[in-house]
Amino acid sequence: MNDPSNAGLEPGLYIVATPIGNLGDLSPRAAAVLAGADLIAVEDSRVTAKLLHHIGTKRPMTPYHDHNADQVRPGLIARMGREAIALVSDAGTPLISDPGFKLVRDARAAGHRVTTIPGPCAAVAALTLTGLPTDRFLFVGFLPAKEKARGEAIAEIAAVRATLIFYESGPRLGATLAALAAGLGEREAGVAREISKTFEECVTDTLSALAARYAEAPPKGEIVIVVAPPGPRPAASADDADTLLREALTRMSTGSAASEVAKATGLPRRDLYARALAMKDEA
């Protein structure tokens, strides 16, 4: 039976963003949902208990994390039909680098109400601190721990024309920054830590300089790395365009080939179309 104190919450899933440092960042709406939920799915009950104590309430909690999510999820989905279930992470917005998206997916598939209570997110907070471009950004999360896999992951995103955002731990920071410098080149970057806490810090420099700074002195706390987009593409030469056109003409029409190469090089489509017609005449 539902607790009378949560009479205002309809059954379903409530995704609740929690503070990433300063407990004062918890919104009044988030506090009300946590106080009224029948059950709170948490990463670590000790962490969430401190947050509940801060708002002066106690609620039932159940662990929900990488190691037990598959076992716990069906029971949570079943309860959502009659109870208000809140989902929180230890800090920030749930579903960012945690298994929460599967719970949302299954809740929607079951026809349950899903509500988000937005709030703090370390990735976006760090992006605002660094002064790097914010018009396009890609959240990458944690890179692989092993060197080969990490290098391959960096290579996959090296050409993405957007600011890149990574999560990292203190002990791995220096090695990750060195790998980013090797794979992405000498880009501007920022390392943000202790966001919203007393000793909040955001250091900006080139990737190689940051790698050197943290190589022998890894910081404590949860860390966000923000990396600037690649510089402007070098102008394509006539030879480059001809090579791309010849390949494209083997698999598509003249107009389509010109359009594809124009998109890839930034060269005028009209000029490329004329060159493609000339190539066909020469053949």
# chains A, B, ... in the order shown; residues from 1 in each chain; ligands from 1
call {"tool": "closest_atom_pairs", "arguments": {"of": "stretch 162-236 of chain A", "to": "stretch 128-139 of chain A", "cutoff": "7 Å", "atoms": "only C-alpha atoms", "output": "CSV"}}
result
residue,atom,partner,partner_atom,distance
A:Ala162,CA,A:Phe137,CA,4.8
A:Thr163,CA,A:Phe137,CA,4.4
A:Leu164,CA,A:Leu138,CA,5.0
A:Ile165,CA,A:Phe139,CA,4.8
A:Phe166,CA,A:Phe139,CA,6.4
A:Gly190,CA,A:Thr130,CA,5.6
A:Cys202,CA,A:Leu129,CA,6.8
A:Thr204,CA,A:Thr130,CA,6.7
A:Ala228,CA,A:Leu132,CA,6.0
call {"tool": "write_last_selection", "arguments": {"atoms": "N, CA, C and O atoms", "output": "tab-separated table (two decimals), in the first residue's frame"}}
result
chain	number	residue	atom	x	y	z
A	162	ALA	N	33.39	18.74	-33.08
A	162	ALA	CA	32.62	19.15	-31.91
A	162	ALA	C	33.54	19.12	-30.70
A	162	ALA	O	34.58	18.43	-30.70
A	163	THR	N	33.18	19.85	-29.67
A	163	THR	CA	33.89	19.76	-28.40
A	163	THR	C	33.62	18.39	-27.79
A	163	THR	O	32.49	17.90	-27.82
A	164	LEU	N	34.66	17.77	-27.25
A	164	LEU	CA	34.56	16.41	-26.71
A	164	LEU	C	34.59	16.46	-25.18
A	164	LEU	O	35.37	17.21	-24.60
A	165	ILE	N	33.75	15.64	-24.55
A	165	ILE	CA	33.66	15.63	-23.09
A	165	ILE	C	33.87	14.19	-22.60
A	165	ILE	O	33.21	13.27	-23.05
A	166	PHE	N	34.81	14.04	-21.67
A	166	PHE	CA	35.15	12.73	-21.11
A	166	PHE	C	35.05	12.77	-19.59
A	166	PHE	O	35.30	13.80	-18.97
A	190	GLY	N	40.43	21.43	-21.19
A	190	GLY	CA	40.24	21.82	-19.80
A	190	GLY	C	40.03	20.59	-18.93
A	190	GLY	O	39.47	19.59	-19.38
A	202	CYS	N	39.21	24.41	-12.38
A	202	CYS	CA	39.17	24.16	-13.81
A	202	CYS	C	40.46	24.72	-14.40
A	202	CYS	O	40.69	25.93	-14.39
A	204	THR	N	42.86	25.08	-17.71
A	204	THR	CA	42.83	25.03	-19.17
A	204	THR	C	44.23	25.22	-19.73
A	204	THR	O	45.00	26.04	-19.24
A	228	ALA	N	38.76	20.80	-27.11
A	228	ALA	CA	38.26	21.62	-28.20
A	228	ALA	C	38.13	20.83	-29.50
A	228	ALA	O	38.80	19.81	-29.68
call {"tool": "residues_around", "arguments": {"residues": "A:Ile55", "least_positions_apart": "5", "cutoff": "10 Å", "atoms": "only C-alpha atoms", "output": "VMD selection string"}}
result
chain A and resid 23 to 24 26 28 31 to 32 34 to 35 50
call {"tool": "write_last_selection", "arguments": {"atoms": "all heavy atoms", "output": "PDB file, in the first residue's frame"}}
result
ATOM      1  N   LEU A  23      25.092  20.334  -1.878  1.00  0.00           N
ATOM      2  CA  LEU A  23      23.736  19.823  -1.655  1.00  0.00           C
ATOM      3  C   LEU A  23      22.669  20.892  -1.878  1.00  0.00           C
ATOM      4  O   LEU A  23      21.508  20.578  -2.116  1.00  0.00           O
ATOM      5  CB  LEU A  23      23.618  19.255  -0.239  1.00  0.00           C
ATOM      6  CG  LEU A  23      24.460  18.018   0.062  1.00  0.00           C
ATOM      7  CD1 LEU A  23      24.220  17.550   1.491  1.00  0.00           C
ATOM      8  CD2 LEU A  23      24.166  16.889  -0.922  1.00  0.00           C
ATOM      9  N   GLY A  24      23.078  22.157  -1.849  1.00  0.00           N
ATOM     10  CA  GLY A  24      22.132  23.235  -2.102  1.00  0.00           C
ATOM     11  C   GLY A  24      21.631  23.269  -3.529  1.00  0.00           C
ATOM     12  O   GLY A  24      20.675  23.987  -3.834  1.00  0.00           O
ATOM     13  N   LEU A  26      20.210  20.793  -5.032  1.00  0.00           N
ATOM     14  CA  LEU A  26      19.022  19.959  -5.192  1.00  0.00           C
ATOM     15  C   LEU A  26      17.809  20.864  -5.336  1.00  0.00           C
ATOM     16  O   LEU A  26      17.551  21.718  -4.497  1.00  0.00           O
ATOM     17  CB  LEU A  26      18.843  19.024  -4.000  1.00  0.00           C
ATOM     18  CG  LEU A  26      17.699  18.018  -4.134  1.00  0.00           C
ATOM     19  CD1 LEU A  26      18.062  16.933  -5.137  1.00  0.00           C
ATOM     20  CD2 LEU A  26      17.357  17.390  -2.782  1.00  0.00           C
ATOM     21  N   PRO A  28      13.884  22.160  -5.377  1.00  0.00           N
ATOM     22  CA  PRO A  28      12.720  21.867  -4.529  1.00  0.00           C
ATOM     23  C   PRO A  28      11.847  20.752  -5.109  1.00  0.00           C
ATOM     24  O   PRO A  28      11.311  19.924  -4.368  1.00  0.00           O
ATOM     25  CB  PRO A  28      11.975  23.201  -4.493  1.00  0.00           C
ATOM     26  CG  PRO A  28      13.041  24.234  -4.723  1.00  0.00           C
ATOM     27  CD  PRO A  28      13.990  23.599  -5.687  1.00  0.00           C
ATOM     28  N   ALA A  31      13.519  17.430  -4.418  1.00  0.00           N
ATOM     29  CA  ALA A  31      13.363  17.081  -3.010  1.00  0.00           C
ATOM     30  C   ALA A  31      11.963  16.546  -2.735  1.00  0.00           C
ATOM     31  O   ALA A  31      11.786  15.561  -2.004  1.00  0.00           O
ATOM     32  CB  ALA A  31      13.650  18.306  -2.136  1.00  0.00           C
ATOM     33  N   ALA A  32      10.953  17.156  -3.334  1.00  0.00           N
ATOM     34  CA  ALA A  32       9.582  16.720  -3.120  1.00  0.00           C
ATOM     35  C   ALA A  32       9.351  15.319  -3.681  1.00  0.00           C
ATOM     36  O   ALA A  32       8.670  14.491  -3.057  1.00  0.00           O
ATOM     37  CB  ALA A  32       8.612  17.713  -3.765  1.00  0.00           C
ATOM     38  N   LEU A  34      11.670  12.945  -4.143  1.00  0.00           N
ATOM     39  CA  LEU A  34      12.387  11.972  -3.315  1.00  0.00           C
ATOM     40  C   LEU A  34      11.649  11.722  -2.004  1.00  0.00           C
ATOM     41  O   LEU A  34      11.577  10.583  -1.527  1.00  0.00           O
ATOM     42  CB  LEU A  34      13.809  12.471  -3.033  1.00  0.00           C
ATOM     43  CG  LEU A  34      14.745  12.528  -4.236  1.00  0.00           C
ATOM     44  CD1 LEU A  34      16.100  13.079  -3.823  1.00  0.00           C
ATOM     45  CD2 LEU A  34      14.910  11.161  -4.886  1.00  0.00           C
ATOM     46  N   ALA A  35      11.083  12.777  -1.430  1.00  0.00           N
ATOM     47  CA  ALA A  35      10.357  12.624  -0.168  1.00  0.00           C
ATOM     48  C   ALA A  35       9.058  11.850  -0.352  1.00  0.00           C
ATOM     49  O   ALA A  35       8.561  11.212   0.585  1.00  0.00           O
ATOM     50  CB  ALA A  35      10.070  13.998   0.429  1.00  0.00           C
ATOM     51  N   LYS A  50      22.525  10.277   2.891  1.00  0.00           N
ATOM     52  CA  LYS A  50      22.990  11.607   3.308  1.00  0.00           C
ATOM     53  C   LYS A  50      22.144  12.696   2.654  1.00  0.00           C
ATOM     54  O   LYS A  50      21.816  13.706   3.288  1.00  0.00           O
ATOM     55  CB  LYS A  50      24.455  11.784   2.935  1.00  0.00           C
ATOM     56  CG  LYS A  50      25.406  10.895   3.723  1.00  0.00           C
ATOM     57  CD  LYS A  50      26.846  11.106   3.257  1.00  0.00           C
ATOM     58  CE  LYS A  50      27.794  10.178   4.018  1.00  0.00           C
ATOM     59  NZ  LYS A  50      29.203  10.333   3.525  1.00  0.00           N
TER      60      LYS A  50
END
call {"tool": "residues_around", "arguments": {"residues": "A:Phe142", "least_positions_apart": "4", "cutoff": "9 Å", "atoms": "only C-alpha atoms", "output": "ChimeraX atom specification"}}
result
/A:97,166-169
call {"tool": "select_by_dssp", "arguments": {"residues": "stretch 24-150 of chain A", "states": "helix (DSSP H, G or I)", "output": "ChimeraX atom specification"}}
result
/A:24-25,28-36,45-54,69-79,100-109,122-130,147-150
call {"tool": "atom_distance", "arguments": {"atom1": "atom CA of A:Gly8", "atom2": "atom CA of A:Ile77"}}
result
20.1 Å
call {"tool": "residues_around", "arguments": {"residues": "A:Thr250", "least_positions_apart": "5", "cutoff": "12 Å", "atoms": "only C-alpha atoms", "output": "PyMOL selection string"}}
result
chain A and resi 243-245+256-257+276+279-280+283
call {"tool": "residues_around", "arguments": {"residues": "A:Asp242", "least_positions_apart": "2", "cutoff": "10 Å", "atoms": "only C-alpha atoms", "output": "ChimeraX atom specification"}}
result
/A:237-240,244-248,261,272,275-276,279
call {"tool": "write_last_selection", "arguments": {"atoms": "N, CA and C atoms", "output": "PDB file, in the first residue's frame"}}
result
ATOM      1  N   SER A 237      42.908  20.079 -52.493  1.00  0.00           N
ATOM      2  CA  SER A 237      43.551  20.436 -53.758  1.00  0.00           C
ATOM      3  C   SER A 237      42.747  19.880 -54.929  1.00  0.00           C
ATOM      4  N   ALA A 238      43.081  20.343 -56.129  1.00  0.00           N
ATOM      5  CA  ALA A 238      42.413  19.825 -57.331  1.00  0.00           C
ATOM      6  C   ALA A 238      42.662  18.333 -57.478  1.00  0.00           C
ATOM      7  N   ASP A 239      43.876  17.897 -57.167  1.00  0.00           N
ATOM      8  CA  ASP A 239      44.191  16.467 -57.253  1.00  0.00           C
ATOM      9  C   ASP A 239      43.357  15.660 -56.255  1.00  0.00           C
ATOM     10  N   ASP A 240      43.190  16.199 -55.045  1.00  0.00           N
ATOM     11  CA  ASP A 240      42.363  15.513 -54.043  1.00  0.00           C
ATOM     12  C   ASP A 240      40.932  15.361 -54.555  1.00  0.00           C
ATOM     13  N   LEU A 244      38.765  11.852 -55.403  1.00  0.00           N
ATOM     14  CA  LEU A 244      37.473  11.548 -54.795  1.00  0.00           C
ATOM     15  C   LEU A 244      36.380  11.404 -55.849  1.00  0.00           C
ATOM     16  N   LEU A 245      36.422  12.253 -56.876  1.00  0.00           N
ATOM     17  CA  LEU A 245      35.419  12.176 -57.941  1.00  0.00           C
ATOM     18  C   LEU A 245      35.521  10.865 -58.704  1.00  0.00           C
ATOM     19  N   ARG A 246      36.742  10.460 -59.053  1.00  0.00           N
ATOM     20  CA  ARG A 246      36.922   9.201 -59.801  1.00  0.00           C
ATOM     21  C   ARG A 246      36.328   8.028 -59.029  1.00  0.00           C
ATOM     22  N   GLU A 247      36.593   8.005 -57.720  1.00  0.00           N
ATOM     23  CA  GLU A 247      36.065   6.906 -56.907  1.00  0.00           C
ATOM     24  C   GLU A 247      34.547   6.977 -56.829  1.00  0.00           C
ATOM     25  N   ALA A 248      34.008   8.178 -56.625  1.00  0.00           N
ATOM     26  CA  ALA A 248      32.558   8.331 -56.491  1.00  0.00           C
ATOM     27  C   ALA A 248      31.829   7.981 -57.780  1.00  0.00           C
ATOM     28  N   VAL A 261      31.302  14.809 -53.089  1.00  0.00           N
ATOM     29  CA  VAL A 261      32.640  15.382 -52.974  1.00  0.00           C
ATOM     30  C   VAL A 261      32.577  16.830 -52.491  1.00  0.00           C
ATOM     31  N   LEU A 272      32.683  21.047 -59.333  1.00  0.00           N
ATOM     32  CA  LEU A 272      32.933  19.603 -59.266  1.00  0.00           C
ATOM     33  C   LEU A 272      32.082  18.859 -60.301  1.00  0.00           C
ATOM     34  N   ARG A 275      33.761  19.253 -63.555  1.00  0.00           N
ATOM     35  CA  ARG A 275      34.958  18.394 -63.624  1.00  0.00           C
ATOM     36  C   ARG A 275      34.569  16.930 -63.788  1.00  0.00           C
ATOM     37  N   ALA A 276      33.490  16.501 -63.158  1.00  0.00           N
ATOM     38  CA  ALA A 276      33.048  15.110 -63.291  1.00  0.00           C
ATOM     39  C   ALA A 276      32.599  14.822 -64.714  1.00  0.00           C
ATOM     40  N   MET A 279      35.624  14.351 -66.814  1.00  0.00           N
ATOM     41  CA  MET A 279      36.230  13.029 -66.563  1.00  0.00           C
ATOM     42  C   MET A 279      35.515  11.950 -67.359  1.00  0.00           C
TER      43      MET A 279
END
call {"tool": "residues_around", "arguments": {"residues": "A:Pro144", "least_positions_apart": "4", "cutoff": "10 Å", "atoms": "only C-alpha atoms", "output": "list in words"}}
result
Lys148, Ala149, Arg150, Gly151, Glu152, Ala153, Ile154 and Thr176 of chain A
call {"tool": "closest_residue", "arguments": {"among": "A:Ala125, A:Ala69, A:Ala78, A:Ala158", "to": "A:Pro99", "atoms": "only C-alpha atoms"}}
result
A:Ala69
call {"tool": "closest_residue", "arguments": {"among": "A:Val42, A:Val33, A:Ala209, A:Ala17", "to": "A:Thr93", "atoms": "only C-alpha atoms"}}
result
A:Ala17
call {"tool": "select_by_dssp", "arguments": {"residues": "stretch 32-258 of chain A", "states": "strand (DSSP E or B)", "output": "ChimeraX atom specification"}}
result
/A:39-42,61-63,84-87,92,114-117,137-142,163-169,188-193,201-206,222-227
call {"tool": "write_last_selection", "arguments": {"atoms": "N, CA and C atoms", "output": "compact mmCIF listing (two decimals), in the first residue's frame"}}
result
# COMPACT_ATOMS: atom_id res chain seq x y z
N LEU A 39 9.71 4.14 -3.43
CA LEU A 39 11.00 3.46 -3.43
C LEU A 39 11.98 4.27 -4.26
N ILE A 40 13.24 4.32 -3.81
CA ILE A 40 14.28 5.02 -4.56
C ILE A 40 15.33 4.01 -4.99
N ALA A 41 15.55 3.90 -6.29
CA ALA A 41 16.61 3.03 -6.83
C ALA A 41 17.91 3.84 -6.83
N VAL A 42 18.94 3.33 -6.17
CA VAL A 42 20.15 4.11 -5.90
C VAL A 42 21.40 3.35 -6.32
N MET A 61 14.96 2.34 0.04
CA MET A 61 15.91 2.37 -1.07
C MET A 61 16.26 0.95 -1.50
N THR A 62 16.62 0.81 -2.76
CA THR A 62 17.11 -0.47 -3.27
C THR A 62 18.29 -0.21 -4.20
N PRO A 63 19.34 -1.02 -4.12
CA PRO A 63 20.50 -0.81 -5.00
C PRO A 63 20.14 -1.07 -6.46
N ALA A 84 5.23 4.86 -7.09
CA ALA A 84 6.15 5.87 -7.62
C ALA A 84 7.57 5.45 -7.30
N ILE A 85 8.34 5.15 -8.33
CA ILE A 85 9.72 4.70 -8.19
C ILE A 85 10.64 5.82 -8.67
N ALA A 86 11.55 6.29 -7.79
CA ALA A 86 12.52 7.31 -8.17
C ALA A 86 13.85 6.65 -8.49
N LEU A 87 14.53 7.17 -9.49
CA LEU A 87 15.86 6.69 -9.86
C LEU A 87 16.86 7.82 -9.67
N GLY A 92 24.61 13.87 -9.82
CA GLY A 92 24.29 14.32 -11.16
C GLY A 92 23.04 13.69 -11.74
N VAL A 114 6.79 7.96 -17.32
CA VAL A 114 8.20 8.28 -17.07
C VAL A 114 8.34 9.80 -17.01
N THR A 115 8.87 10.30 -15.90
CA THR A 115 9.02 11.73 -15.69
C THR A 115 10.47 12.04 -15.33
N THR A 116 11.02 13.11 -15.90
CA THR A 116 12.37 13.51 -15.53
C THR A 116 12.33 14.78 -14.70
N ILE A 117 13.14 14.82 -13.67
CA ILE A 117 13.29 16.02 -12.84
C ILE A 117 14.72 16.51 -13.08
N PHE A 137 28.69 19.59 -29.09
CA PHE A 137 29.58 18.81 -28.22
C PHE A 137 29.16 17.36 -28.21
N LEU A 138 30.14 16.50 -27.97
CA LEU A 138 29.92 15.05 -27.92
C LEU A 138 30.34 14.54 -26.56
N PHE A 139 29.41 13.91 -25.83
CA PHE A 139 29.75 13.28 -24.56
C PHE A 139 30.25 11.88 -24.83
N VAL A 140 31.50 11.61 -24.47
CA VAL A 140 32.12 10.31 -24.73
C VAL A 140 32.07 9.41 -23.51
N GLY A 141 32.08 10.00 -22.32
CA GLY A 141 32.10 9.20 -21.10
C GLY A 141 33.50 8.73 -20.77
N PHE A 142 33.61 7.54 -20.20
CA PHE A 142 34.93 6.99 -19.83
C PHE A 142 35.55 6.27 -21.02
N THR A 163 33.18 19.85 -29.67
CA THR A 163 33.89 19.76 -28.40
C THR A 163 33.62 18.39 -27.79
N LEU A 164 34.66 17.77 -27.25
CA LEU A 164 34.56 16.41 -26.71
C LEU A 164 34.59 16.46 -25.18
N ILE A 165 33.75 15.64 -24.55
CA ILE A 165 33.66 15.63 -23.09
C ILE A 165 33.87 14.19 -22.60
N PHE A 166 34.81 14.04 -21.67
CA PHE A 166 35.15 12.73 -21.11
C PHE A 166 35.05 12.77 -19.59
N TYR A 167 34.72 11.62 -18.99
CA TYR A 167 34.83 11.45 -17.55
C TYR A 167 36.12 10.67 -17.28
N GLU A 168 36.74 10.94 -16.13
CA GLU A 168 37.96 10.22 -15.80
C GLU A 168 38.19 10.22 -14.30
N SER A 169 39.01 9.28 -13.84
CA SER A 169 39.38 9.22 -12.43
C SER A 169 40.78 9.82 -12.27
N GLU A 188 43.38 22.69 -27.54
CA GLU A 188 43.07 23.30 -26.26
C GLU A 188 42.14 22.36 -25.49
N ALA A 189 42.28 22.36 -24.17
CA ALA A 189 41.46 21.46 -23.36
C ALA A 189 41.33 22.02 -21.95
N GLY A 190 40.43 21.43 -21.19
CA GLY A 190 40.24 21.82 -19.80
C GLY A 190 40.03 20.59 -18.93
N VAL A 191 40.52 20.67 -17.71
CA VAL A 191 40.30 19.61 -16.71
C VAL A 191 39.54 20.24 -15.56
N ALA A 192 38.31 19.79 -15.33
CA ALA A 192 37.47 20.32 -14.26
C ALA A 192 37.28 19.26 -13.19
N ARG A 193 37.37 19.68 -11.94
CA ARG A 193 37.18 18.74 -10.83
C ARG A 193 36.55 19.45 -9.64
N GLU A 201 37.85 23.43 -9.26
CA GLU A 201 39.03 23.81 -10.04
C GLU A 201 38.79 23.50 -11.50
N CYS A 202 39.21 24.41 -12.38
CA CYS A 202 39.17 24.16 -13.81
C CYS A 202 40.46 24.72 -14.40
N VAL A 203 41.31 23.83 -14.90
CA VAL A 203 42.60 24.21 -15.47
C VAL A 203 42.53 24.05 -16.97
N THR A 204 42.86 25.08 -17.71
CA THR A 204 42.83 25.03 -19.17
C THR A 204 44.23 25.22 -19.73
N ASP A 205 44.55 24.45 -20.79
CA ASP A 205 45.86 24.53 -21.45
C ASP A 205 45.79 23.60 -22.65
N THR A 206 46.92 23.34 -23.29
CA THR A 206 46.94 22.35 -24.36
C THR A 206 46.91 20.96 -23.75
N GLU A 222 36.20 13.32 -8.69
CA GLU A 222 35.71 12.98 -10.02
C GLU A 222 36.08 14.09 -10.99
N ILE A 223 36.49 13.71 -12.19
CA ILE A 223 37.12 14.64 -13.12
C ILE A 223 36.41 14.62 -14.47
N VAL A 224 36.30 15.79 -15.08
CA VAL A 224 35.78 15.91 -16.43
C VAL A 224 36.85 16.56 -17.31
N ILE A 225 37.12 15.94 -18.45
CA ILE A 225 38.05 16.49 -19.43
C ILE A 225 37.23 17.02 -20.60
N VAL A 226 37.51 18.24 -21.00
CA VAL A 226 36.82 18.86 -22.13
C VAL A 226 37.87 19.24 -23.17
N VAL A 227 37.68 18.81 -24.42
CA VAL A 227 38.67 19.02 -25.47
C VAL A 227 38.05 19.78 -26.63
call {"tool": "residues_around", "arguments": {"residues": "A:Gly170", "least_positions_apart": "4", "cutoff": "7 Å", "atoms": "only C-alpha atoms", "output": "VMD selection string"}}
result
chain A and resid 218 to 221 223
call {"tool": "atom_distance", "arguments": {"atom1": "atom CA of A:Ala122", "atom2": "atom CA of A:Arg213"}}
result
22.1 Å
call {"tool": "atom_distance", "arguments": {"atom1": "atom CA of A:Ala258", "atom2": "atom CA of A:Ala236"}}
result
14.1 Å
